[in-house]
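Trainee: The structure file structure-v3.tsv (TSV, C-alpha atoms and all ligand atoms) is provided below.
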```
chain	number	residue	atom	x	y	z
A	1	MET	CA	15.79	-8.94	-28.27
A	2	LYS	CA	18.13	-10.72	-25.84
A	3	LYS	CA	16.99	-14.15	-24.68
A	4	ILE	CA	16.82	-15.99	-21.36
A	5	PHE	CA	16.05	-19.72	-21.05
A	6	LEU	CA	14.63	-21.23	-17.86
A	7	LYS	CA	15.59	-24.57	-16.36
A	8	LYS	CA	13.32	-27.56	-16.86
A	9	ASN	CA	9.95	-27.22	-15.01
A	10	GLU	CA	10.66	-23.66	-13.90
A	11	GLU	CA	8.08	-22.27	-16.36
A	12	HIS	CA	4.97	-23.40	-14.43
A	13	ARG	CA	4.74	-20.45	-12.04
A	14	ILE	CA	5.11	-18.03	-14.97
A	15	THR	CA	2.53	-19.76	-17.17
A	16	SER	CA	0.04	-19.64	-14.29
A	17	GLY	CA	0.37	-15.86	-14.03
A	18	HIS	CA	3.11	-15.17	-11.52
A	19	LEU	CA	5.43	-12.46	-12.82
A	20	TRP	CA	8.82	-13.16	-11.20
A	21	VAL	CA	11.69	-15.31	-12.46
A	22	PHE	CA	14.30	-15.92	-9.73
A	23	SER	CA	17.98	-15.95	-10.66
A	24	ASN	CA	18.43	-19.64	-9.73
A	25	GLU	CA	15.70	-20.66	-12.22
A	26	ILE	CA	17.70	-19.51	-15.26
A	27	GLU	CA	19.46	-22.15	-17.39
A	28	LYS	CA	21.24	-19.86	-19.86
A	29	MET	CA	21.24	-16.33	-21.29
A	30	GLU	CA	22.13	-15.15	-24.78
A	31	GLU	CA	23.98	-11.92	-25.68
A	32	ASP	CA	24.88	-11.04	-22.08
A	33	PRO	CA	21.77	-9.06	-20.98
A	34	GLN	CA	22.41	-6.06	-18.70
A	35	SER	CA	20.29	-4.72	-15.82
A	36	GLY	CA	17.32	-2.82	-17.18
A	37	ASP	CA	17.31	-4.64	-20.53
A	38	THR	CA	14.05	-5.95	-21.94
A	39	VAL	CA	14.44	-9.70	-22.54
A	40	GLU	CA	12.42	-12.54	-24.03
A	41	VAL	CA	11.97	-15.53	-21.71
A	42	PHE	CA	11.71	-19.13	-22.97
A	43	ASP	CA	11.20	-22.49	-21.34
A	44	VAL	CA	13.74	-25.27	-21.79
A	45	LYS	CA	11.96	-26.44	-24.96
A	46	ASN	CA	12.26	-23.02	-26.59
A	47	ASN	CA	8.59	-22.02	-26.10
A	48	LEU	CA	8.17	-18.27	-25.56
A	49	LEU	CA	6.91	-17.46	-22.03
A	50	GLY	CA	6.88	-13.70	-22.61
A	51	THR	CA	8.80	-10.47	-22.22
A	52	GLY	CA	10.27	-8.98	-19.05
A	53	PHE	CA	12.79	-6.63	-17.47
A	54	PHE	CA	16.14	-8.18	-16.53
A	55	ASN	CA	18.15	-7.25	-13.44
A	56	LYS	CA	21.42	-8.98	-12.66
A	57	ASN	CA	21.65	-7.27	-9.23
A	58	SER	CA	18.40	-8.69	-7.86
A	59	LEU	CA	17.23	-12.13	-6.70
A	60	ILE	CA	14.23	-11.42	-8.92
A	61	ALA	CA	16.18	-11.71	-12.18
A	62	VAL	CA	13.25	-11.06	-14.52
A	63	ARG	CA	9.99	-9.23	-13.89
A	64	MET	CA	7.52	-10.27	-16.58
A	65	LEU	CA	5.58	-7.58	-18.44
A	66	SER	CA	3.64	-9.65	-20.90
A	67	SER	CA	3.17	-13.22	-22.13
A	68	LYS	CA	3.86	-11.94	-25.66
A	69	THR	CA	6.73	-10.26	-27.47
A	70	ILE	CA	6.78	-6.48	-26.90
A	71	SER	CA	7.86	-4.82	-30.12
A	72	ASP	CA	7.19	-1.20	-29.11
A	73	MET	CA	7.75	-0.29	-25.44
A	74	GLU	CA	6.14	3.15	-25.77
A	75	SER	CA	2.80	1.81	-26.97
A	76	PHE	CA	2.95	-1.03	-24.43
A	77	LEU	CA	3.44	1.41	-21.53
A	78	ARG	CA	0.85	3.83	-22.93
A	79	GLU	CA	-1.79	1.10	-23.13
A	80	LYS	CA	-1.08	-0.34	-19.67
A	81	MET	CA	-1.11	3.12	-18.03
A	82	LYS	CA	-4.37	3.99	-19.75
A	83	SER	CA	-6.05	0.77	-18.72
A	84	ALA	CA	-4.85	1.21	-15.10
A	85	TYR	CA	-6.22	4.77	-15.09
A	86	ASP	CA	-9.55	3.76	-16.68
A	87	LEU	CA	-10.02	1.04	-14.04
A	88	ARG	CA	-9.67	3.62	-11.23
A	89	LYS	CA	-12.06	5.99	-12.97
A	90	THR	CA	-14.65	3.18	-13.19
A	91	PHE	CA	-15.06	3.11	-9.41
A	92	TYR	CA	-13.77	6.57	-8.46
A	93	PRO	CA	-15.33	8.69	-11.27
A	94	ASN	CA	-15.22	11.91	-9.24
A	95	ARG	CA	-11.80	11.53	-7.73
A	96	GLU	CA	-8.54	13.03	-9.00
A	97	ALA	CA	-6.33	11.37	-6.42
A	98	PHE	CA	-5.67	7.64	-6.17
A	99	ARG	CA	-3.01	4.98	-6.75
A	100	MET	CA	-3.02	5.06	-10.53
A	101	VAL	CA	-0.52	2.26	-11.12
A	102	PHE	CA	0.16	-0.56	-8.65
A	103	SER	CA	3.19	-2.31	-10.03
A	104	GLU	CA	2.81	-6.03	-10.87
A	105	SER	CA	-0.94	-5.80	-10.22
A	106	ASP	CA	-1.25	-3.51	-13.26
A	107	PHE	CA	1.31	-5.46	-15.31
A	108	LEU	CA	3.86	-2.67	-14.83
A	109	PRO	CA	6.31	-4.45	-12.50
A	110	GLY	CA	8.33	-2.21	-10.22
A	111	LEU	CA	6.32	0.93	-10.96
A	112	VAL	CA	3.99	2.63	-8.51
A	113	ILE	CA	2.32	5.90	-9.56
A	114	ASP	CA	0.23	7.83	-7.05
A	115	LYS	CA	-1.85	10.59	-8.60
A	116	TYR	CA	-2.49	13.72	-6.54
A	117	ASN	CA	-4.55	15.86	-8.96
A	118	SER	CA	-1.99	16.79	-11.64
A	119	THR	CA	0.97	15.81	-9.45
A	120	PHE	CA	2.28	12.28	-10.03
A	121	VAL	CA	4.61	10.57	-7.56
A	122	PHE	CA	6.64	7.52	-8.56
A	123	GLN	CA	8.15	4.66	-6.64
A	124	VAL	CA	10.45	2.69	-8.91
A	125	TYR	CA	11.63	-0.80	-7.94
A	126	SER	CA	12.86	-2.40	-11.16
A	127	ALA	CA	15.91	-1.58	-13.25
A	128	GLY	CA	13.76	-1.77	-16.41
A	129	MET	CA	11.28	0.85	-15.17
A	130	GLU	CA	14.19	3.01	-14.01
A	131	LYS	CA	15.59	2.89	-17.56
A	132	ASN	CA	12.19	3.89	-19.00
A	133	LEU	CA	11.44	6.73	-16.56
A	134	GLU	CA	11.89	9.45	-19.14
A	135	LEU	CA	9.43	7.72	-21.44
A	136	ILE	CA	6.90	7.27	-18.61
A	137	THR	CA	7.32	10.98	-17.73
A	138	LYS	CA	6.63	11.92	-21.34
A	139	LEU	CA	3.48	9.75	-21.43
A	140	LEU	CA	2.17	11.30	-18.19
A	141	LYS	CA	2.59	14.76	-19.71
A	142	GLU	CA	1.00	13.82	-23.03
A	143	ASP	CA	-1.89	11.62	-21.87
A	144	PHE	CA	-2.61	12.72	-18.29
A	145	SER	CA	-1.80	16.46	-18.31
A	146	ALA	CA	0.86	16.00	-15.62
A	147	GLU	CA	2.20	19.24	-14.18
A	148	ASN	CA	4.51	17.83	-11.51
A	149	ILE	CA	6.35	14.51	-11.50
A	150	PHE	CA	8.86	13.30	-8.91
A	151	THR	CA	10.01	10.16	-7.13
A	152	LYS	CA	9.57	9.19	-3.48
A	153	HIS	CA	11.13	5.73	-3.20
A	154	GLU	CA	11.33	3.43	-0.18
A	155	PRO	CA	15.11	2.97	0.25
A	156	TYR	CA	14.66	-0.68	1.42
A	157	PHE	CA	13.21	-1.85	-1.92
A	158	ARG	CA	15.68	0.23	-3.98
A	159	LYS	CA	18.53	-1.55	-2.18
A	160	LEU	CA	17.10	-4.99	-2.97
A	161	GLU	CA	17.16	-4.05	-6.66
A	162	GLY	CA	20.63	-2.48	-6.54
A	163	LEU	CA	19.20	0.92	-7.53
A	164	PRO	CA	20.41	4.31	-6.20
A	165	GLU	CA	18.30	5.59	-3.30
A	166	GLU	CA	18.24	9.30	-4.22
A	167	ASN	CA	14.96	10.91	-5.24
A	168	SER	CA	14.55	13.36	-8.09
A	169	ILE	CA	12.11	15.87	-9.50
A	170	LEU	CA	11.48	14.90	-13.12
A	171	PHE	CA	9.12	17.75	-14.01
A	172	GLY	CA	7.62	20.78	-12.26
A	173	ASN	CA	7.89	20.97	-8.46
A	174	ALA	CA	6.95	19.12	-5.27
A	175	ASP	CA	4.66	21.75	-3.72
A	176	ASP	CA	1.76	20.82	-1.42
A	177	GLU	CA	-1.52	19.55	-2.89
A	178	ILE	CA	-5.04	19.37	-1.50
A	179	ILE	CA	-6.78	16.14	-2.47
A	180	TYR	CA	-10.38	14.98	-2.02
A	181	ASP	CA	-11.33	11.34	-1.44
A	182	GLY	CA	-15.02	11.80	-2.15
A	183	SER	CA	-15.88	12.78	1.44
A	184	ILE	CA	-12.80	14.34	3.05
A	185	SER	CA	-10.10	16.76	1.84
A	186	TYR	CA	-6.48	16.30	2.88
A	187	GLU	CA	-3.54	18.65	2.62
A	188	ILE	CA	-0.58	16.68	1.31
A	189	ASN	CA	2.92	17.80	2.17
A	190	PHE	CA	5.36	15.81	0.08
A	191	SER	CA	8.56	16.88	1.79
A	192	HIS	CA	7.46	15.67	5.25
A	193	GLY	CA	5.05	12.92	4.30
A	194	GLN	CA	5.34	9.16	4.77
A	195	LYS	CA	5.14	6.83	1.71
A	196	THR	CA	4.41	8.94	-1.40
A	197	GLY	CA	2.48	11.43	0.79
A	198	PHE	CA	-0.74	9.57	1.64
A	199	TYR	CA	-1.95	6.05	2.46
A	200	PHE	CA	-4.34	5.40	-0.43
A	201	ASP	CA	-4.62	1.70	0.47
A	202	GLN	CA	-6.98	2.41	3.40
A	203	SER	CA	-9.22	4.72	1.41
A	204	ASP	CA	-12.22	2.37	0.93
A	205	ASN	CA	-11.86	1.13	4.51
A	206	ARG	CA	-12.16	4.68	5.85
A	207	PHE	CA	-15.56	4.85	4.14
A	208	PHE	CA	-16.64	1.68	5.96
A	209	ILE	CA	-15.93	3.44	9.27
A	210	GLU	CA	-18.62	6.02	8.39
A	211	LYS	CA	-21.25	3.26	8.74
A	212	ILE	CA	-20.45	2.64	12.42
A	213	SER	CA	-19.43	6.07	13.74
A	214	SER	CA	-22.56	8.14	14.26
A	215	GLY	CA	-22.82	9.35	17.87
A	216	LYS	CA	-19.81	7.27	18.89
A	217	THR	CA	-16.66	8.04	20.87
A	218	VAL	CA	-13.77	7.05	18.63
A	219	LEU	CA	-10.06	6.34	19.02
A	220	ASP	CA	-7.95	6.63	15.86
A	221	ALA	CA	-4.67	4.97	16.85
A	222	PHE	CA	-1.70	5.24	14.44
A	223	CYS	CA	-3.77	7.99	12.83
A	224	ASN	CA	-1.17	9.46	10.40
A	225	SER	CA	-3.07	12.17	8.46
A	226	GLY	CA	-6.24	11.24	10.37
A	227	GLY	CA	-8.23	9.47	7.66
A	228	PHE	CA	-10.23	7.11	9.88
A	229	GLY	CA	-11.05	9.74	12.51
A	230	LEU	CA	-11.95	12.37	9.91
A	231	HIS	CA	-14.43	10.01	8.25
A	232	ALA	CA	-15.84	9.14	11.69
A	233	LEU	CA	-16.42	12.84	12.45
A	234	LYS	CA	-17.96	13.37	9.04
A	235	ALA	CA	-20.44	10.60	9.90
A	236	GLY	CA	-21.35	12.26	13.22
A	237	ALA	CA	-18.97	10.79	15.80
A	238	SER	CA	-19.39	12.59	19.15
A	239	GLU	CA	-15.63	12.78	19.78
A	240	VAL	CA	-12.40	11.48	18.26
A	241	MET	CA	-9.04	10.93	19.94
A	242	PHE	CA	-6.15	10.98	17.43
A	243	VAL	CA	-2.92	9.23	18.46
A	244	ASP	CA	0.37	9.02	16.54
A	245	SER	CA	4.03	9.03	17.57
A	246	SER	CA	4.82	11.63	14.90
A	247	ALA	CA	4.28	15.28	15.89
A	248	ILE	CA	4.41	16.21	12.18
A	249	GLU	CA	1.47	13.90	11.43
A	250	ILE	CA	-0.58	15.24	14.36
A	251	GLU	CA	-0.06	18.78	12.97
A	252	LYS	CA	-1.40	17.54	9.63
A	253	VAL	CA	-4.47	16.08	11.34
A	254	LYS	CA	-5.18	19.49	12.87
A	255	LYS	CA	-4.90	21.14	9.44
A	256	ASN	CA	-7.13	18.51	7.86
A	257	LEU	CA	-9.77	19.02	10.56
A	258	GLU	CA	-9.81	22.77	9.78
A	259	LEU	CA	-9.87	22.12	6.06
A	260	ASN	CA	-13.01	19.98	6.48
A	261	LYS	CA	-14.60	22.22	9.14
A	262	LEU	CA	-14.58	19.30	11.57
A	263	SER	CA	-12.53	20.81	14.42
A	264	GLY	CA	-14.06	21.01	17.88
A	265	LYS	CA	-14.72	17.38	18.73
A	266	ALA	CA	-11.12	16.21	18.45
A	267	GLU	CA	-8.33	15.52	20.91
A	268	PHE	CA	-4.70	14.74	20.08
A	269	VAL	CA	-1.96	12.77	21.74
A	270	ILE	CA	1.60	12.39	20.47
A	271	ALA	CA	2.64	9.05	21.96
A	272	ASP	CA	3.58	5.46	21.42
A	273	VAL	CA	0.23	3.72	20.97
A	274	PHE	CA	1.18	0.83	23.31
A	275	ASP	CA	2.02	3.28	26.13
A	276	PHE	CA	-1.14	5.23	25.41
A	277	PHE	CA	-3.31	2.09	25.67
A	278	GLU	CA	-1.62	0.98	28.92
A	279	ARG	CA	-2.55	4.35	30.43
A	280	GLU	CA	-6.14	4.20	29.12
A	281	VAL	CA	-6.61	0.65	30.42
A	282	ALA	CA	-5.17	1.60	33.83
A	283	SER	CA	-7.62	4.51	34.10
A	284	HIS	CA	-10.57	2.41	32.75
A	285	LYS	CA	-11.15	4.77	29.84
A	286	LYS	CA	-13.43	3.20	27.19
A	287	TYR	CA	-14.41	4.05	23.59
A	288	ASP	CA	-17.26	2.93	21.30
A	289	LEU	CA	-15.01	2.48	18.27
A	290	VAL	CA	-11.27	1.85	18.18
A	291	CYS	CA	-9.27	1.91	14.91
A	292	VAL	CA	-5.75	0.47	15.00
A	293	ASP	CA	-3.63	0.72	11.86
A	294	PRO	CA	0.00	0.08	12.83
A	295	PRO	CA	3.03	0.01	10.53
A	296	ALA	CA	4.14	-3.48	9.39
A	297	PHE	CA	5.45	-5.35	12.46
A	298	ALA	CA	6.72	-8.30	10.35
A	299	LYS	CA	9.26	-6.99	7.85
A	300	ASN	CA	10.28	-10.55	6.91
A	301	LYS	CA	9.49	-14.19	7.71
A	302	LYS	CA	12.08	-14.34	10.48
A	303	THR	CA	10.35	-11.64	12.53
A	304	LEU	CA	6.85	-13.06	12.04
A	305	LYS	CA	6.53	-14.77	15.46
A	306	THR	CA	7.62	-11.62	17.33
A	307	ALA	CA	5.31	-9.56	15.12
A	308	GLU	CA	2.34	-11.82	15.96
A	309	LYS	CA	2.99	-11.19	19.66
A	310	GLY	CA	2.96	-7.43	18.93
A	311	TYR	CA	-0.36	-7.64	17.07
A	312	GLU	CA	-1.84	-9.78	19.83
A	313	LYS	CA	-0.85	-7.31	22.55
A	314	LEU	CA	-2.06	-4.32	20.55
A	315	ASN	CA	-5.45	-5.87	19.83
A	316	ARG	CA	-5.81	-7.14	23.41
A	317	LEU	CA	-5.25	-3.58	24.69
A	318	ALA	CA	-7.66	-2.20	22.08
A	319	MET	CA	-10.37	-4.66	23.16
A	320	GLN	CA	-9.82	-3.76	26.82
A	321	SER	CA	-10.45	-0.13	25.83
A	322	LEU	CA	-13.82	-0.83	24.19
A	323	ASN	CA	-17.33	-0.58	25.60
A	324	SER	CA	-19.51	-3.64	25.28
A	325	GLY	CA	-21.35	-3.31	21.95
A	326	GLY	CA	-18.46	-1.29	20.52
A	327	PHE	CA	-16.43	-1.94	17.38
A	328	LEU	CA	-12.77	-2.73	16.77
A	329	ALA	CA	-11.45	-1.86	13.29
A	330	THR	CA	-8.06	-3.51	13.11
A	331	SER	CA	-5.51	-3.59	10.30
A	332	SER	CA	-2.25	-5.31	9.45
A	333	CYS	CA	-0.13	-4.38	6.45
A	334	SER	CA	2.42	-7.17	7.06
A	335	PHE	CA	2.49	-9.24	3.88
A	336	HIS	CA	3.99	-12.20	5.79
A	337	LEU	CA	1.03	-12.38	8.20
A	338	LYS	CA	-1.68	-14.22	6.27
A	339	ARG	CA	-5.40	-13.61	6.74
A	340	ALA	CA	-6.02	-16.81	8.75
A	341	ASP	CA	-3.08	-16.13	11.06
A	342	PHE	CA	-4.17	-12.53	11.55
A	343	LEU	CA	-7.65	-13.70	12.57
A	344	ALA	CA	-6.08	-16.30	14.89
A	345	VAL	CA	-4.10	-13.51	16.56
A	346	ILE	CA	-7.34	-11.58	17.14
A	347	VAL	CA	-8.98	-14.67	18.62
A	348	ARG	CA	-6.08	-15.03	21.10
A	349	ALA	CA	-6.28	-11.32	21.92
A	350	ALA	CA	-10.02	-11.64	22.66
A	351	LEU	CA	-9.35	-14.62	24.93
A	352	LYS	CA	-6.77	-12.63	26.90
A	353	ALA	CA	-9.02	-9.55	27.06
A	354	LYS	CA	-11.95	-11.81	28.09
A	355	ARG	CA	-14.17	-10.37	25.34
A	356	THR	CA	-16.49	-12.13	22.90
A	357	ILE	CA	-16.39	-10.89	19.32
A	358	GLN	CA	-18.20	-11.14	15.99
A	359	LEU	CA	-16.48	-10.53	12.65
A	360	ILE	CA	-18.59	-7.91	10.85
A	361	HIS	CA	-16.48	-7.02	7.84
A	362	PHE	CA	-13.22	-8.06	6.19
A	363	ASN	CA	-11.43	-6.30	3.36
A	364	GLU	CA	-8.01	-5.88	1.82
A	365	ALA	CA	-6.49	-2.78	0.23
A	366	SER	CA	-8.75	-0.38	-1.68
A	367	LEU	CA	-9.92	-0.91	-5.24
A	368	ASP	CA	-7.00	1.13	-6.61
A	369	HIS	CA	-4.75	-1.72	-5.39
A	370	PRO	CA	-5.83	-4.65	-7.60
A	371	LYS	CA	-4.47	-8.10	-6.71
A	372	LEU	CA	-3.18	-10.87	-8.98
A	373	PRO	CA	-4.68	-14.19	-7.88
A	374	ALA	CA	-1.56	-16.07	-9.07
A	375	MET	CA	0.74	-13.76	-7.15
A	376	GLU	CA	0.17	-13.59	-3.40
A	377	GLU	CA	2.86	-10.88	-3.12
A	378	THR	CA	0.32	-8.38	-4.52
A	379	SER	CA	-1.93	-8.84	-1.47
A	380	TYR	CA	-0.74	-7.50	1.88
A	381	LEU	CA	-3.31	-5.40	3.74
A	382	LYS	CA	-5.91	-6.91	6.04
A	383	PHE	CA	-8.71	-4.81	7.50
A	384	ALA	CA	-11.13	-6.52	9.90
A	385	VAL	CA	-14.01	-5.02	11.85
A	386	PHE	CA	-15.29	-6.81	14.96
A	387	LYS	CA	-18.23	-6.11	17.22
A	388	ILE	CA	-17.48	-6.60	20.91
A	389	THR	CA	-20.53	-8.51	22.06
A	390	GLY	CA	-19.55	-9.04	25.64
A	401	LIG	N1	-4.24	5.11	9.68
A	401	LIG	C1	-3.42	5.91	8.81
A	401	LIG	C2	-2.16	5.20	8.34
A	401	LIG	C3	-1.28	4.66	9.45
A	401	LIG	S1	0.39	4.53	9.02
A	401	LIG	C4	-4.25	6.40	7.63
A	401	LIG	O1	-5.44	6.06	7.52
A	401	LIG	O2	-3.71	7.13	6.80
A	401	LIG	C5	1.12	4.20	10.56
A	401	LIG	C6	1.29	5.41	11.46
A	401	LIG	O3	1.72	4.94	12.73
A	401	LIG	C7	2.32	6.44	11.02
A	401	LIG	O4	1.72	7.68	10.96
A	401	LIG	C8	3.42	6.41	12.10
A	401	LIG	O5	3.90	7.72	12.39
A	401	LIG	C9	2.67	5.85	13.27
A	401	LIG	N2	3.44	5.04	14.23
A	401	LIG	C10	4.36	4.10	14.00
A	401	LIG	N3	4.72	3.47	15.14
A	401	LIG	C11	3.99	4.03	16.13
A	401	LIG	C12	3.86	3.79	17.54
A	401	LIG	N4	4.58	2.84	18.15
A	401	LIG	N5	2.99	4.55	18.24
A	401	LIG	C13	2.27	5.51	17.63
A	401	LIG	N6	2.30	5.75	16.31
A	401	LIG	C14	3.16	5.02	15.57
```
Could you quickly redo this structure as C-alpha cells?
Ligand code: SAH
Mentor:
Amino acid sequence: MKKIFLKKNEEHRITSGHLWVFSNEIEKMEEDPQSGDTVEVFDVKNNLLGTGFFNKNSLIAVRMLSSKTISDMESFLREKMKSAYDLRKTFYPNREAFRMVFSESDFLPGLVIDKYNSTFVFQVYSAGMEKNLELITKLLKEDFSAENIFTKHEPYFRKLEGLPEENSILFGNADDEIIYDGSISYEINFSHGQKTGFYFDQSDNRFFIEKISSGKTVLDAFCNSGGFGLHALKAGASEVMFVDSSAIEIEKVKKNLELNKLSGKAEFVIADVFDFFEREVASHKKYDLVCVDPPAFAKNKKTLKTAEKGYEKLNRLAMQSLNSGGFLATSSCSFHLKRADFLAVIVRAALKAKRTIQLIHFNEASLDHPKLPAMEETSYLKFAVFKITG
C-alpha cells in the first residue's frame, strides 16, 4: 500500500479519533498516490496511524477509515455497512426507511446511504468511495436485497472534492416509494425531492412534537413534506397550517395527508416564511405550537453573523405568533452555529418579542445520525423546544 507521512505533531488529532488529514499536515508521500487510492498513514516517527482514502484535489487530503491496516476492502466495507445497519435496527426495529450509513460517523467517510425500503440512495463525497461504488453496489444487492440504487449528490460537496456532479442510476430505477416512519407514511418522489428525497435527521424530533400537539393549533413553517405537522395531526392537533416556499413540497404535503387519512384540519400557504410571519403578526394571529425548521442560514463561518440575525428575526416573529402557554419548536441545521450560540440567539429573540421562555427539550439529529465525539463536524442539527410562559 502507498504511504503518507505526517509532519511532526500533526498526528494528535488523528490519534484522538478525528478522521481528516489536511493537505498542509503531510510531510512526504511515497509512490505518488492518486485520488481515490487507499493509503497507509504514519506519523513522523514511522508509527502507523491507520488507513484512509487519499484525494489530491481536496483540502482534506486523507479521510481515515481505520486505525489499522486494511488488507481486504470488500470485507472491511461489508462489516462496516452491516454494523451501521444493525445499529439502526436496534432502535428502529420496525422501520425499513432510515439513514443507513452516515459517512464519517459510521467510519465510512464520504458515503451517505439513505434506505427507502429496498431503494438505496447514495451521496458520495470522497474520491475513495467513488472508486469503490461498484463494490458497495454489489454488497447492497448481496446483503441488503437492494432493488434500486442511485446517487443524489449535493453539488456543493462534490465540487469541494473535485468530483463530477452528475448523478447516475447504478441498479434498477428511481421510481417513487412510500415509506413509514413508525407513525406516518410519506410518498417519496426522488426526481423532485430535496436532499436524497426525505429529511431523516428530524425523524425522532417529529415524534417529540406528538407529546405537545393534542388539541393545539399548529404552524409548521418550512414544512417540506410536512413531517412535523403530520405528526401533530396524528396526535390530535385541532388544526395545522403548513407553510413552504416550494409549491412542489406543498403538493407532497397534501398527498401525505391523504395517505395518512389526516386531511380536513389542514391549511396550506406557499410563501416565504418571513413574509408569512409579518402578515400573521400584523393581523394578531396566534398559534399554540409553532415549528420552524429553516434551511441552513450559515453556509460558512464568514456568513455566521448575518445568519444569526436571520435566526433571531425568525424566532422573534415565531414567538410573537404564539399564545401564552404555547410551545416553540425551533431548529437550526447550520453546523457553524454552535449550541450555545443558537440558544443565545433565542434568548435575544425572546427579549425582542418581550416573551419569557423555558427550555423544555433539546436534541440533535435522530439516532440514525450518530456523532463522533472527537469530530465536531459530525454534529450539526439543533432542535430546541421552548414553552412560552408569558
Ligand atoms: N421541516 C421539514 C424539513 C425542512 S427543510 C421536515 O420535517 O421534513 C427546509 C424547507 O424550507 C424546504 O422545504 C424549503 O423548500 C423551504 N424553504 C427554504 N427557504 C424558505 C423560505 N424563505 N420560506 C419558506 N420556505 C422556505
Trainee: Within 6 Å of ligand LIG 401 (chain A) (counting only C-alpha atoms and all ligand atoms), which residues show up? I'd like them as JSON, numbers by chain.
Mentor: {"A": [199, 202, 222, 223, 224, 225, 226, 227, 228, 244, 245, 246, 271, 272, 273, 293, 294, 295]}
Trainee: Determine, counting only C-alpha atoms, which protein, DNA and RNA residues have an atom within 9 Å of an atom of Leu372 of chain A; residues of the same chain fewer than 4 positions away are not included. Present the result as a list in words.
Mentor: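 Non-adjacent residues within range: Gly17, His18, Glu104, Ser105, Asp106, Glu376, Glu377, Thr378 and Ser379 of chain A.
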Trainee: For C-alpha atoms, I'd like the residues from the last selection saved as a tab-separated table (two decimals), in the frame of the given file.
Mentor:
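Wrote part_31.tsv, looks like this:
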```tsv
chain	number	residue	atom	x	y	z
A	17	GLY	CA	0.37	-15.86	-14.03
A	18	HIS	CA	3.11	-15.17	-11.52
A	104	GLU	CA	2.81	-6.03	-10.87
A	105	SER	CA	-0.94	-5.80	-10.22
A	106	ASP	CA	-1.25	-3.51	-13.26
A	376	GLU	CA	0.17	-13.59	-3.40
A	377	GLU	CA	2.86	-10.88	-3.12
A	378	THR	CA	0.32	-8.38	-4.52
A	379	SER	CA	-1.93	-8.84	-1.47
```
Trainee: Which residues are near Leu133 of chain A? Cut-off 9 Å, all atoms listed in the file, ignore same chain within fewer than 5 positions. Put them as an NGL selection string.
Mentor: :A and (124 or 128 or 138 or 170)
Trainee: Output C-alpha atoms of each residue in that selection to a file, as a CSV table (one decimal), in the frame of the given file.
Mentor:
```
chain,number,residue,atom,x,y,z
A,124,VAL,CA,10.4,2.7,-8.9
A,128,GLY,CA,13.8,-1.8,-16.4
A,138,LYS,CA,6.6,11.9,-21.3
A,170,LEU,CA,11.5,14.9,-13.1
```
Trainee: What does the structure give for the distance between atom CA of Pro370 of chain A and atom CA of Leu230 of chain A, in Å to one decimal?
Mentor: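 Value for the atom CA of Pro370 of chain A-atom CA of Leu230 of chain A distance: 25.2 Å.
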Trainee: For each of A:Lys305, A:His231, A:Lys56, A:His12, take the minimum atom-to-atom distance to Ser183 of chain A, counting all atoms listed in the file, then give the residue where this is smallest.
Mentor: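 The answer is A:His231, which sits nearest to Ser183 of chain A.
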Trainee: Check the smallest atom-to-atom distance from each of A:Glu134, A:Leu108, A:Tyr156, A:Leu49 to Phe76 of chain A using all atoms listed in the file, then report the winner.
Mentor: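 For Phe76 of chain A, the nearest of the given residues is A:Leu108.
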Trainee: Suppose you want the space between atom CA of Ser168 of chain A and atom CA of Leu65 of chain A; what is it in Å?
Mentor: 25.0 Å
